[in-house]
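Peer 1: Supplied in structure tokens, the structure appears directly below.
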Amino acid sequence: MSIITKLALAAGLVTALSSGALAQDLTGKVIGFSQIGSESGWRAAETSVTKLQAEERGIDLKFADAQQKQENQIKAIRGFIAQGVDAILIAPVVATGWDDVLTEAKEAEIPVILLDRGIDAPEDLYLTSVASDQVLEGRVAGEWLVNEVAGEECNVVELQGTVGSSPAINRKQGFEEGIASAANITITQSQTGDFTRSKGKEVMEAFLKSSNGGADICAVYAHNDDMAVGAIQAIKDAGLKPGEDILVVSIDAVPDIFTAIAAGEANATVELTPNMAGPAFDALAAYWANGTEPEKFIITESKLYTAADDPAGEYERRKGLGY
Amino acid sequence: MMRRILTRLANPQLLALVGVLLVNWLLFPNFFRITWQDGRLFGSLIDVLNRGAPVAILAIGMVGVIATKGVDLSVGAVMAMAGAVAATMVVAGYPAPVAVAAALAVGLVCGLWNGFLVAVLDIQPIVATLVLMVAGRGIAQLITEGFIVTFTDPLLIFIGTGSFLGLPMAAVIALVLMILVTLLVRRTAIGLFIEAVGVNRAAASLAGIRSRMLLFLVYGLSGLCAAVAGLIVAGDIRGADANNAGLWLELDAILAVVIGGTSLLGGRFSVPLAVVGALIIQAMNTGILVSGFPPEFNLIVKAALIFLVLIIQSPLASRIVPVRTSAREARS
């Protein structure tokens, strides 16, 4: 697909995402963006959405890809400071080691906004941070299931993310909070699928065998959509109907899960929005207009998508974003 | 004759496999239950065969390389490349057989490249294949442009998830490859030549063995096997995931070969026992999944079991309990 079509498709999503709050004009502002890299489809989507959001506001965005290395990010930030940019966005690759370079930015009076991840540094070194609430994502998924089964007995199997990673820990905790009020829902099995399709499929196969061929499973909760896509194939191979015999709920809202939702094979997904830059630009606009200090932690919305939310259209809007 | 077969079966690898399967059965009583589902066998044991097949196929290629005192770290990346090539080609409209042939060709070329670095440029195998391990995944990501390329082509899906006589296609492919390669190395002198090169390449060359050709052969075979495994994992999820396909599987393949009794210092080797090694690893993985342990224990349980298997086949253990540990005697 050519870049032009990608951008054209993506523009549709951006319009959808930014509807409600009118994007302020920041024409002429130069903003540096130090991105981690492109290790996942979501990251690629975040990069393209950031570029589109900047374009929409007339911002001259200087983009630096750090290829997963903090030293590259620090180099890029020093470069931005030397160029005298108006603001800097950072998606930090690790949590520590930022104090020196952020102090330099502060001395140069350049506001810094953290995207997507937090850091261990004094709060006065950055203007604000924009991130999703991973616990909330899990809770939204859990609450959806509570409503969906409406009091009936339900055994859930859980496909966890990579052991020890923060999304895995938080999304597990959030889901448990979400179903805490419903005594009819119990998590019977929980294993890691490493956030990948093939491991998700393999783990689901094992769950199906150890749950009476799947007859004892009412729903599967996956910490990301890719594992859910794998699990859906495993459920089909076992001769069951995903989405009907076994409910499927997951997190991220990548394009492929919308294909599954449209086909009735998945039931719900909770969006981890790739639009972290939009709220950051809005905070900057307010800060520059009248000196409004934004909140220290801006939390993005964790929106639930089901078959009622035009899954086929969502797929079309997202497929060009680089997921 | 019967006795000969029995003694052959009483080797530590097969005992370990039976042991792991029995432990799985104790943890999960339905482990051996196999039913017929939609024209194929369905059960945990079948999962072990199906999920173990990619590593088994990698091990079939890897065992020859290790027998020449080499190692091929690039197989995981080659898997990703083969899957990426096949998936992008069918999505671009090429016929599936052409895409499969191209993927296999990519694997073969990668293997021959490794062979060139090792045989002609005399680079140490671990370094030579590390080049492709790093670069290969990058190339795969370039081919897929960072997306998971999904496809609906029936042939590719059949390679990954189809069945033949009720058995998973992946397991059938692994079995056929195992038999072919075993015949190739044991019904000709090639196996002996490989061992000679592994023990002492200079001496083997002086004795008239064309060691350079032989190294090209073993690395080429390893690349080809990796491409087959790559097609299987891509077909399995109906998509080429360049970031994750085959990630760290080279280490599982090396482990399978080592559990199979082949020394990393080269020399004696056994293709079937390497496959048994792969099945031991997968039996452990599947066992952990059906047992219901919390995932935090996965790696510890796996490490402890592998440690146990390696102790069973250590020279010390074989002195205490005189079971056959040598792959040399196990070959026919």
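In the structure tokens, chains take the letters A, B, ... in the order shown, each chain's residues start at 1, and ligands count up from 1 in the order shown.
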Find the nearest atom pair between each residue of chain A and chain B for residues within 9 Å, count only C-alpha atoms, give distances in Å to one decimal, sort rows by chain and ascending number, and present the table as JSON lines.
Peer 2:
```
{"residue": "A:Ser38", "atom": "CA", "partner": "B:Gly146", "partner_atom": "CA", "distance": 7.9}
{"residue": "A:Glu39", "atom": "CA", "partner": "B:Asn243", "partner_atom": "CA", "distance": 7.6}
{"residue": "A:Ser40", "atom": "CA", "partner": "B:Gly146", "partner_atom": "CA", "distance": 7.6}
{"residue": "A:Gly41", "atom": "CA", "partner": "B:Phe147", "partner_atom": "CA", "distance": 6.4}
{"residue": "A:Ala44", "atom": "CA", "partner": "B:Gly146", "partner_atom": "CA", "distance": 8.1}
{"residue": "A:Gln160", "atom": "CA", "partner": "B:Pro295", "partner_atom": "CA", "distance": 8.6}
{"residue": "A:Val163", "atom": "CA", "partner": "B:Glu296", "partner_atom": "CA", "distance": 6.4}
{"residue": "A:Gly164", "atom": "CA", "partner": "B:Glu296", "partner_atom": "CA", "distance": 8.1}
{"residue": "A:Thr188", "atom": "CA", "partner": "B:Gly292", "partner_atom": "CA", "distance": 8.9}
{"residue": "A:Gln189", "atom": "CA", "partner": "B:Gly292", "partner_atom": "CA", "distance": 6.4}
{"residue": "A:Ser190", "atom": "CA", "partner": "B:Pro294", "partner_atom": "CA", "distance": 6.9}
{"residue": "A:Gln191", "atom": "CA", "partner": "B:Pro295", "partner_atom": "CA", "distance": 5.2}
{"residue": "A:Thr192", "atom": "CA", "partner": "B:Pro295", "partner_atom": "CA", "distance": 5.8}
{"residue": "A:Thr196", "atom": "CA", "partner": "B:Asn244", "partner_atom": "CA", "distance": 7.0}
{"residue": "A:Arg197", "atom": "CA", "partner": "B:Ile237", "partner_atom": "CA", "distance": 6.5}
{"residue": "A:Ser198", "atom": "CA", "partner": "B:Ile237", "partner_atom": "CA", "distance": 6.0}
{"residue": "A:Lys201", "atom": "CA", "partner": "B:Ile237", "partner_atom": "CA", "distance": 7.8}
{"residue": "A:Glu202", "atom": "CA", "partner": "B:Arg51", "partner_atom": "CA", "distance": 7.5}
{"residue": "A:Val203", "atom": "CA", "partner": "B:Leu289", "partner_atom": "CA", "distance": 6.4}
{"residue": "A:Glu205", "atom": "CA", "partner": "B:Asp47", "partner_atom": "CA", "distance": 7.7}
{"residue": "A:Ala206", "atom": "CA", "partner": "B:Val290", "partner_atom": "CA", "distance": 5.5}
{"residue": "A:Phe207", "atom": "CA", "partner": "B:Val290", "partner_atom": "CA", "distance": 6.4}
{"residue": "A:Lys209", "atom": "CA", "partner": "B:Ser44", "partner_atom": "CA", "distance": 6.4}
{"residue": "A:Ser210", "atom": "CA", "partner": "B:Val290", "partner_atom": "CA", "distance": 5.9}
{"residue": "A:Gly213", "atom": "CA", "partner": "B:Gly43", "partner_atom": "CA", "distance": 8.8}
{"residue": "A:Val229", "atom": "CA", "partner": "B:Ile237", "partner_atom": "CA", "distance": 8.4}
{"residue": "A:Gly230", "atom": "CA", "partner": "B:Ile237", "partner_atom": "CA", "distance": 6.4}
{"residue": "A:Gln233", "atom": "CA", "partner": "B:Ile237", "partner_atom": "CA", "distance": 7.6}
{"residue": "A:Asp237", "atom": "CA", "partner": "B:Asp38", "partner_atom": "CA", "distance": 8.3}
{"residue": "A:Ala238", "atom": "CA", "partner": "B:Gln37", "partner_atom": "CA", "distance": 7.2}
{"residue": "A:Gly239", "atom": "CA", "partner": "B:Asp38", "partner_atom": "CA", "distance": 7.0}
{"residue": "A:Asp256", "atom": "CA", "partner": "B:Thr150", "partner_atom": "CA", "distance": 9.0}
{"residue": "A:Gly322", "atom": "CA", "partner": "B:Phe147", "partner_atom": "CA", "distance": 6.8}
{"residue": "A:Tyr323", "atom": "CA", "partner": "B:Phe147", "partner_atom": "CA", "distance": 6.2}
```
Peer 1: Apply DSSP to the structure's backbone, then extract all residues of stretch 91-204 of chain B labelled alpha helix (DSSP H) and return them as an NGL selection string.
Peer 2: :B and (91 or 96-115 or 125-144 or 154-161 or 169-186 or 190-199 or 201-204)
Peer 1: Could you dump the residues just selected with C-alpha atoms as an mmCIF file, in the first residue's frame?
Peer 2:
```cif
data_model
loop_
_atom_site.group_PDB
_atom_site.id
_atom_site.type_symbol
_atom_site.label_atom_id
_atom_site.label_comp_id
_atom_site.auth_asym_id
_atom_site.auth_seq_id
_atom_site.Cartn_x
_atom_site.Cartn_y
_atom_site.Cartn_z
ATOM 1 C CA VAL B 91 -0.988 -11.895 -0.622
ATOM 2 C CA ALA B 96 0.869 -20.845 -3.443
ATOM 3 C CA PRO B 97 3.274 -23.493 -4.824
ATOM 4 C CA VAL B 98 5.493 -20.700 -6.184
ATOM 5 C CA ALA B 99 5.420 -18.938 -2.801
ATOM 6 C CA VAL B 100 6.324 -22.156 -0.985
ATOM 7 C CA ALA B 101 9.152 -22.860 -3.425
ATOM 8 C CA ALA B 102 10.451 -19.304 -2.992
ATOM 9 C CA ALA B 103 10.367 -19.637 0.806
ATOM 10 C CA LEU B 104 12.282 -22.914 0.650
ATOM 11 C CA ALA B 105 14.773 -21.327 -1.763
ATOM 12 C CA VAL B 106 15.291 -18.447 0.661
ATOM 13 C CA GLY B 107 16.020 -20.958 3.431
ATOM 14 C CA LEU B 108 18.456 -22.859 1.235
ATOM 15 C CA VAL B 109 20.263 -19.681 0.165
ATOM 16 C CA CYS B 110 20.542 -18.549 3.809
ATOM 17 C CA GLY B 111 21.970 -21.936 4.746
ATOM 18 C CA LEU B 112 24.482 -21.860 1.872
ATOM 19 C CA TRP B 113 25.490 -18.322 2.918
ATOM 20 C CA ASN B 114 26.249 -19.638 6.400
ATOM 21 C CA GLY B 115 28.109 -22.539 4.805
ATOM 22 C CA PRO B 125 30.224 -20.922 13.154
ATOM 23 C CA ILE B 126 28.778 -19.180 16.208
ATOM 24 C CA VAL B 127 29.869 -15.792 14.840
ATOM 25 C CA ALA B 128 29.103 -16.571 11.201
ATOM 26 C CA THR B 129 25.519 -17.599 11.911
ATOM 27 C CA LEU B 130 25.028 -14.792 14.436
ATOM 28 C CA VAL B 131 25.238 -12.397 11.477
ATOM 29 C CA LEU B 132 22.151 -13.892 9.880
ATOM 30 C CA MET B 133 20.411 -14.337 13.238
ATOM 31 C CA VAL B 134 20.441 -10.567 13.692
ATOM 32 C CA ALA B 135 20.091 -9.507 10.050
ATOM 33 C CA GLY B 136 17.545 -12.170 9.094
ATOM 34 C CA ARG B 137 14.849 -10.938 11.449
ATOM 35 C CA GLY B 138 15.428 -7.415 10.210
ATOM 36 C CA ILE B 139 15.045 -8.594 6.617
ATOM 37 C CA ALA B 140 11.841 -10.417 7.562
ATOM 38 C CA GLN B 141 10.499 -7.214 9.122
ATOM 39 C CA LEU B 142 11.401 -5.310 5.960
ATOM 40 C CA ILE B 143 9.551 -7.880 3.830
ATOM 41 C CA THR B 144 6.393 -7.623 5.952
ATOM 42 C CA PRO B 154 -5.542 -22.985 1.528
ATOM 43 C CA LEU B 155 -2.177 -24.588 0.712
ATOM 44 C CA LEU B 156 -0.185 -22.533 3.245
ATOM 45 C CA ILE B 157 -2.870 -23.080 5.889
ATOM 46 C CA PHE B 158 -2.829 -26.806 5.108
ATOM 47 C CA ILE B 159 0.939 -26.952 5.718
ATOM 48 C CA GLY B 160 0.431 -25.393 9.143
ATOM 49 C CA THR B 161 -2.848 -26.858 10.336
ATOM 50 C CA MET B 169 0.490 -32.151 8.884
ATOM 51 C CA ALA B 170 3.371 -30.555 10.817
ATOM 52 C CA ALA B 171 4.084 -33.853 12.572
ATOM 53 C CA VAL B 172 3.857 -35.766 9.295
ATOM 54 C CA ILE B 173 6.340 -33.403 7.641
ATOM 55 C CA ALA B 174 8.723 -33.769 10.593
ATOM 56 C CA LEU B 175 8.467 -37.564 10.447
ATOM 57 C CA VAL B 176 9.101 -37.690 6.700
ATOM 58 C CA LEU B 177 12.068 -35.321 7.012
ATOM 59 C CA MET B 178 13.473 -37.371 9.864
ATOM 60 C CA ILE B 179 13.290 -40.591 7.849
ATOM 61 C CA LEU B 180 14.745 -39.001 4.695
ATOM 62 C CA VAL B 181 17.648 -37.343 6.491
ATOM 63 C CA THR B 182 18.361 -40.453 8.557
ATOM 64 C CA LEU B 183 18.492 -42.541 5.385
ATOM 65 C CA LEU B 184 20.682 -39.921 3.718
ATOM 66 C CA VAL B 185 23.286 -39.922 6.474
ATOM 67 C CA ARG B 186 23.125 -43.584 7.479
ATOM 68 C CA ILE B 190 27.792 -38.929 4.417
ATOM 69 C CA GLY B 191 27.075 -39.446 8.125
ATOM 70 C CA LEU B 192 30.503 -40.906 8.648
ATOM 71 C CA PHE B 193 32.115 -38.022 6.745
ATOM 72 C CA ILE B 194 30.199 -35.489 8.850
ATOM 73 C CA GLU B 195 31.458 -37.147 12.029
ATOM 74 C CA ALA B 196 35.008 -37.234 10.671
ATOM 75 C CA VAL B 197 34.912 -33.505 9.870
ATOM 76 C CA GLY B 198 33.487 -32.810 13.317
ATOM 77 C CA VAL B 199 36.192 -34.717 15.112
ATOM 78 C CA ARG B 201 38.469 -31.239 9.982
ATOM 79 C CA ALA B 202 42.116 -31.062 8.960
ATOM 80 C CA ALA B 203 42.606 -34.801 9.354
ATOM 81 C CA ALA B 204 39.379 -35.510 7.492
#
```
Peer 1: Which one is closest to B:Ala87: B:Leu264, B:Ala207, B:Ala226, B:Ile232? Count only C-alpha atoms.
Peer 2: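 Under the stated criterion, the closest residue is B:Ile232.
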Peer 1: One decimal, Å: what's the distance from atom CA of A:Ser129 over to atom CA of A:Gly79, could you say?
Peer 2: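 About the pair atom CA of A:Ser129 and atom CA of A:Gly79: they are 21.2 Å apart.
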Peer 1: List as a tab-separated table every residue of stretch 124-144 of chain A that is in contact with stretch 96-106 of chain A, defined as an atom at most 9 Å from one of its atoms (using only C-alpha atoms), together with the nearest atom pair and the distance in Å rounded to one decimal, sorted by chain and then rising number.
Peer 2:
```
residue	atom	partner	partner_atom	distance
A:Asp124	CA	A:Lys106	CA	8.8
A:Leu125	CA	A:Leu102	CA	5.9
A:Tyr126	CA	A:Leu102	CA	7.4
```
Peer 1: Restricting the calculation to only C-alpha atoms: of B:Gly267, B:Gly230, B:Gly70, B:Pro315, which residue gets closest to B:Val85?
Peer 2: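 Of all the options, B:Gly230 lies closest to B:Val85.
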Peer 1: Smallest atom-to-atom distance to B:Gly266: which of B:Asn200, B:Thr188, B:Ser318, B:Thr152, using only C-alpha atoms?
Peer 2: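 Closest to B:Gly266, using only C-alpha atoms: B:Asn200.
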Peer 1: Which residues, written as a list in words, have at least one atom at most 8 Å from A:Leu26, with only C-alpha atoms counted and residues fewer than 4 positions away on the same chain left out?
Peer 2: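 Final neighbour list, sorted by chain and number: Arg57, Gly58, Ile59 and Ala285 of chain A.
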Peer 1: Can I get the selected residues back with N, CA and C atoms, as a compact mmCIF listing (two decimals), in the first residue's frame?
Peer 2:
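The resulting file, selection-v6.txt, is reproduced below:
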```txt
# COMPACT_ATOMS: atom_id res chain seq x y z
N ARG A 57 -2.43 20.14 13.03
CA ARG A 57 -2.30 21.39 13.79
C ARG A 57 -1.26 22.33 13.18
N GLY A 58 -0.68 21.93 12.07
CA GLY A 58 0.33 22.77 11.44
C GLY A 58 1.67 22.75 12.15
N ILE A 59 1.89 21.72 12.97
CA ILE A 59 3.15 21.63 13.72
C ILE A 59 4.24 21.06 12.82
N ALA A 285 -0.96 23.52 23.81
CA ALA A 285 -1.67 24.70 23.28
C ALA A 285 -2.21 25.54 24.44
```
Peer 1: Within 7 Å of stretch 302-314 of chain A, counting only C-alpha atoms, which residues show up once you throw out same-chain ones fewer than 4 positions away? Write them as a list of chain:residue names, please.
Peer 2: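 Counting only the stated atoms, we get A:Glu137, A:Phe258, A:Thr259, A:Ile261, A:Ala262, A:Asn267, A:Ala268, A:Thr269, A:Val270, A:Glu271, A:Leu272, A:Arg318.
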Peer 1: Grab the residues selected above and save them as a PDB file, in the first residue's frame with C-alpha atoms.
Peer 2:
```
ATOM      1  CA  GLU A 137      -8.367  -1.465  30.503  1.00  0.00           C
ATOM      2  CA  PHE A 258     -12.246  -6.006  14.272  1.00  0.00           C
ATOM      3  CA  THR A 259     -12.306  -8.509  11.404  1.00  0.00           C
ATOM      4  CA  ILE A 261     -15.645  -9.117  15.749  1.00  0.00           C
ATOM      5  CA  ALA A 262     -17.317  -8.421  12.395  1.00  0.00           C
ATOM      6  CA  ASN A 267     -17.057 -10.245  21.204  1.00  0.00           C
ATOM      7  CA  ALA A 268     -15.285  -7.214  22.618  1.00  0.00           C
ATOM      8  CA  THR A 269     -11.995  -5.347  22.707  1.00  0.00           C
ATOM      9  CA  VAL A 270     -10.812  -2.419  24.837  1.00  0.00           C
ATOM     10  CA  GLU A 271      -8.891   0.221  22.968  1.00  0.00           C
ATOM     11  CA  LEU A 272      -5.358   1.210  23.860  1.00  0.00           C
ATOM     12  CA  ARG A 318      -7.223   1.421  11.325  1.00  0.00           C
TER      13      ARG A 318
END
```
Peer 1: Check stretch 87-297 of chain B with DSSP on the backbone and list each residue it calls strand (DSSP E or B), as a ChimeraX atom specification.
Peer 2: /B:148-150,163-164,167-168,239-241
Peer 1: Write the selection just made, keeping N, CA and C atoms, as a PDB file, in the first residue's frame?
Peer 2:
```pdb
ATOM      1  N   ILE B 148       1.787  -7.906  10.699  1.00  0.00           N
ATOM      2  CA  ILE B 148       1.560  -9.344  10.634  1.00  0.00           C
ATOM      3  C   ILE B 148       0.778  -9.565   9.345  1.00  0.00           C
ATOM      4  N   VAL B 149       1.431 -10.197   8.350  1.00  0.00           N
ATOM      5  CA  VAL B 149       0.778 -10.380   7.049  1.00  0.00           C
ATOM      6  C   VAL B 149      -0.125 -11.606   7.119  1.00  0.00           C
ATOM      7  N   THR B 150      -1.426 -11.398   7.130  1.00  0.00           N
ATOM      8  CA  THR B 150      -2.346 -12.534   7.220  1.00  0.00           C
ATOM      9  C   THR B 150      -2.775 -12.967   5.827  1.00  0.00           C
ATOM     10  N   SER B 163      -4.259 -31.977   8.125  1.00  0.00           N
ATOM     11  CA  SER B 163      -3.983 -33.282   8.722  1.00  0.00           C
ATOM     12  C   SER B 163      -3.880 -34.328   7.629  1.00  0.00           C
ATOM     13  N   PHE B 164      -3.095 -35.372   7.908  1.00  0.00           N
ATOM     14  CA  PHE B 164      -2.892 -36.461   6.969  1.00  0.00           C
ATOM     15  C   PHE B 164      -3.110 -37.754   7.745  1.00  0.00           C
ATOM     16  N   LEU B 167      -3.342 -37.359  11.423  1.00  0.00           N
ATOM     17  CA  LEU B 167      -2.221 -36.754  12.154  1.00  0.00           C
ATOM     18  C   LEU B 167      -2.007 -35.329  11.670  1.00  0.00           C
ATOM     19  N   PRO B 168      -1.546 -34.427  12.561  1.00  0.00           N
ATOM     20  CA  PRO B 168      -1.278 -33.059  12.123  1.00  0.00           C
ATOM     21  C   PRO B 168      -0.215 -33.061  11.034  1.00  0.00           C
ATOM     22  N   GLY B 239      -0.642 -16.331   9.266  1.00  0.00           N
ATOM     23  CA  GLY B 239      -0.033 -15.023   9.111  1.00  0.00           C
ATOM     24  C   GLY B 239       1.455 -15.108   9.392  1.00  0.00           C
ATOM     25  N   ALA B 240       2.228 -14.192   8.811  1.00  0.00           N
ATOM     26  CA  ALA B 240       3.664 -14.151   9.051  1.00  0.00           C
ATOM     27  C   ALA B 240       3.944 -13.058  10.068  1.00  0.00           C
ATOM     28  N   ASP B 241       4.398 -13.446  11.255  1.00  0.00           N
ATOM     29  CA  ASP B 241       4.685 -12.514  12.343  1.00  0.00           C
ATOM     30  C   ASP B 241       6.203 -12.373  12.442  1.00  0.00           C
TER      31      ASP B 241
END
```
